[in-house]
Amino acid sequence: MLKIWGRTNSINVQKVLWCCGEIDIKYERIDAGLQFGVNNTPEYKAMNPNGLVPTINDDGFVLWESHAIVRYLARKHGLGSLCPSDPKACADADRWMDWFATTVFPNLRPVFVELVRVTPDKRNMTLVEESRKKLAANMAILDAHLANRKYVIGDAFTMGDIPLGTAVQRWFNLPIERESHKHLEAYYKRLQARPAFKQFVDLLPLT
Ligand SMILES: N[C@@H](CCC(=O)N[C@@H](CS)C(=O)NCC(=O)O)C(=O)O
């Protein structure tokens, strides 16, 4: 059976659990990371030398990097749905996953870490505001893109929505100033109607 290592409050683990929930993949999850430890043990580092979560073992096939895992599981269990079979549609989904990793997450991460993990007396509010503004510009791009489509590549939900969905959830739930984006709000509501998004992303407190 598929094994997934990672704590449920990790954004990168949430992508994998949400993906599994969307296509009903059965798995065993092992808590790892932060207070659970495990990820710094020699056994874990033999699977994932970065000592980060998530890592999976699918009947002997070990894989780390959340987007690679989502792509692998989507291609294996959701080809034609979660992973589009048309090469152009698949590249479009890949593009939005990569945009999350290269552009959105570097702005989201400092806002999240400073406001959720750092105690108020030690917060770098200059960094929070600089990053929040860049994140707002990213969210404005996504809002405009969603003006005439339900999901990032069109009217069907795909793996392309998974990383960005976790970012949108944080955008709407972090204690920050937010510009009004009606298409993004509608997108967040659409995601909230998906049971796997509710269970693995939206119902969990930001910790
Ligand atoms: N690029 C990696 C990043 C993995 C990563 O940074 N994971 C964080 C959690 S979100 C981690 O393992 N932090 C250390 C810990 O939880 O102890 C991925 O997408 O899987």
# chains A, B, ... in the order shown; residues from 1 in each chain; ligands from 1

$ residues_near_ligand --ligand "ligand 1" --cutoff "9 Å" --atoms "only C-alpha atoms and all ligand atoms" --output "JSON, numbers by chain"
{"A": [6, 7, 9, 10, 11, 12, 13, 14, 15, 32, 33, 34, 35, 36, 37, 38, 39, 40, 50, 51, 52, 53, 54, 55, 64, 65, 66, 67, 68, 69, 101]}

$ write_last_selection --atoms "C-alpha atoms" --output "PDB file, in the first residue's frame"
ATOM      1  CA  GLY A   6       4.336  13.919   6.643  1.00  0.00           C
ATOM      2  CA  ARG A   7       2.394  15.937   9.192  1.00  0.00           C
ATOM      3  CA  ASN A   9      -0.472  20.774   8.721  1.00  0.00           C
ATOM      4  CA  SER A  10       2.356  20.962   6.153  1.00  0.00           C
ATOM      5  CA  ILE A  11       1.297  22.750   2.951  1.00  0.00           C
ATOM      6  CA  ASN A  12       3.369  20.309   0.901  1.00  0.00           C
ATOM      7  CA  VAL A  13       1.885  17.241   2.576  1.00  0.00           C
ATOM      8  CA  GLN A  14      -1.611  18.710   2.170  1.00  0.00           C
ATOM      9  CA  LYS A  15      -1.163  18.793  -1.618  1.00  0.00           C
ATOM     10  CA  ALA A  32       6.797  13.179  10.337  1.00  0.00           C
ATOM     11  CA  GLY A  33       8.266  16.671  10.552  1.00  0.00           C
ATOM     12  CA  LEU A  34       8.428  19.344  13.294  1.00  0.00           C
ATOM     13  CA  GLN A  35       7.253  17.943  16.646  1.00  0.00           C
ATOM     14  CA  PHE A  36       6.960  14.420  15.243  1.00  0.00           C
ATOM     15  CA  GLY A  37      10.616  14.188  14.220  1.00  0.00           C
ATOM     16  CA  VAL A  38      11.265  11.111  12.023  1.00  0.00           C
ATOM     17  CA  ASN A  39      12.415  13.264   9.068  1.00  0.00           C
ATOM     18  CA  ASN A  40      15.914  13.688  10.510  1.00  0.00           C
ATOM     19  CA  ASN A  50      16.629  16.668   2.275  1.00  0.00           C
ATOM     20  CA  GLY A  51      15.001  15.540   5.523  1.00  0.00           C
ATOM     21  CA  LEU A  52      11.784  17.251   4.455  1.00  0.00           C
ATOM     22  CA  VAL A  53       8.183  16.081   4.114  1.00  0.00           C
ATOM     23  CA  PRO A  54       6.386  14.700   2.171  1.00  0.00           C
ATOM     24  CA  THR A  55       8.004  11.477   0.967  1.00  0.00           C
ATOM     25  CA  TRP A  64       9.932  13.213  -2.726  1.00  0.00           C
ATOM     26  CA  GLU A  65       9.012  16.748  -3.898  1.00  0.00           C
ATOM     27  CA  SER A  66       5.309  17.388  -3.442  1.00  0.00           C
ATOM     28  CA  HIS A  67       4.615  18.410  -7.052  1.00  0.00           C
ATOM     29  CA  ALA A  68       6.446  15.385  -8.454  1.00  0.00           C
ATOM     30  CA  ILE A  69       4.369  13.206  -6.098  1.00  0.00           C
ATOM     31  CA  ALA A 101       6.601  26.884  -6.751  1.00  0.00           C
TER      32      ALA A 101
END

$ select_by_dssp --residues "stretch 10-82 of chain A" --states "strand (DSSP E)" --output "list of chain:residue names"
A:Tyr27, A:Glu28, A:Arg29, A:Ile30, A:Thr55, A:Ile56, A:Asn57, A:Asp58, A:Phe61, A:Val62, A:Leu63, A:Trp64

$ write_last_selection --atoms "C-alpha atoms" --output "PDB file, in the first residue's frame"
ATOM      1  CA  TYR A  27      -2.687   5.017   1.778  1.00  0.00           C
ATOM      2  CA  GLU A  28      -1.057   4.750   5.156  1.00  0.00           C
ATOM      3  CA  ARG A  29       0.223   8.063   6.548  1.00  0.00           C
ATOM      4  CA  ILE A  30       3.086   8.313   9.018  1.00  0.00           C
ATOM      5  CA  THR A  55       8.004  11.477   0.967  1.00  0.00           C
ATOM      6  CA  ILE A  56       6.101   8.530  -0.458  1.00  0.00           C
ATOM      7  CA  ASN A  57       6.863   4.855  -0.941  1.00  0.00           C
ATOM      8  CA  ASP A  58       4.594   3.253  -3.523  1.00  0.00           C
ATOM      9  CA  PHE A  61       9.104   3.342  -5.482  1.00  0.00           C
ATOM     10  CA  VAL A  62      10.320   6.192  -3.270  1.00  0.00           C
ATOM     11  CA  LEU A  63       9.587   9.766  -4.317  1.00  0.00           C
ATOM     12  CA  TRP A  64       9.932  13.213  -2.726  1.00  0.00           C
TER      13      TRP A  64
END

$ residues_around --residues "A:Ala140" --least-positions-apart "6" --cutoff "12 Å" --atoms "only C-alpha atoms" --output "list in words"
Val104, Lys133, Lys134, Leu146, Ala147, Val168, Trp171, Arg178, Glu179, Ser180, His181, Lys182, His183, Leu184 and Glu185 of chain A

$ write_last_selection --atoms "C-alpha atoms" --output "JSON list (two decimals), in the first residue's frame"
[["chain", "number", "residue", "atom", "x", "y", "z"],
["A", 104, "VAL", "CA", 3.74, 32.40, -5.40],
["A", 133, "LYS", "CA", 2.18, 43.02, -1.52],
["A", 134, "LYS", "CA", 3.98, 40.65, -3.91],
["A", 146, "LEU", "CA", -10.18, 32.98, -13.42],
["A", 147, "ALA", "CA", -12.56, 35.58, -14.88],
["A", 168, "VAL", "CA", -5.60, 30.58, -2.05],
["A", 171, "TRP", "CA", -4.53, 33.96, 1.30],
["A", 178, "ARG", "CA", -6.73, 41.56, 1.18],
["A", 179, "GLU", "CA", -7.78, 43.35, -1.96],
["A", 180, "SER", "CA", -11.23, 42.30, -3.19],
["A", 181, "HIS", "CA", -11.00, 39.71, -5.96],
["A", 182, "LYS", "CA", -14.41, 38.37, -6.95],
["A", 183, "HIS", "CA", -13.19, 35.62, -9.29],
["A", 184, "LEU", "CA", -10.70, 34.39, -6.72],
["A", 185, "GLU", "CA", -13.42, 34.38, -4.06]]

$ closest_atom_pairs --of "stretch 72-172 of chain A" --to "stretch 197-204 of chain A" --cutoff "9 Å" --atoms "only C-alpha atoms" --output "Markdown table"
| residue | atom | partner | partner_atom | distance |
| --- | --- | --- | --- | --- |
| A:Ile162 | CA | A:Phe197 | CA | 8.8 |
| A:Gly165 | CA | A:Phe197 | CA | 8.2 |
| A:Thr166 | CA | A:Val201 | CA | 6.7 |
| A:Gln169 | CA | A:Asp202 | CA | 6.6 |
| A:Arg170 | CA | A:Asp202 | CA | 8.8 |

$ select_by_dssp --residues "stretch 64-159 of chain A" --states "alpha helix (DSSP H)" --output "number ranges by chain"
A: 66-77, 87-99, 105-112, 125-145

$ closest_atom_pairs --of "stretch 143-192 of chain A" --to "stretch 97-100 of chain A" --cutoff "7 Å" --atoms "only C-alpha atoms" --output "CSV"
residue,atom,partner,partner_atom,distance
A:Gly160,CA,A:Met97,CA,5.4
A:Pro163,CA,A:Met97,CA,6.0
A:Leu164,CA,A:Phe100,CA,6.0

$ residues_around --residues "A:Gly78" --least-positions-apart "6" --cutoff "10 Å" --atoms "only C-alpha atoms" --output "list of chain:residue names"
A:Cys19, A:Cys20, A:Glu22, A:Ile23, A:Asp24, A:Ile25, A:Arg71, A:Tyr72, A:Pro84, A:Ser85, A:Thr158, A:Met159

$ closest_residue --among "A:Asp155, A:Glu130, A:Glu43, A:Asp31" --to "A:Ala89" --atoms "only C-alpha atoms"
A:Asp155
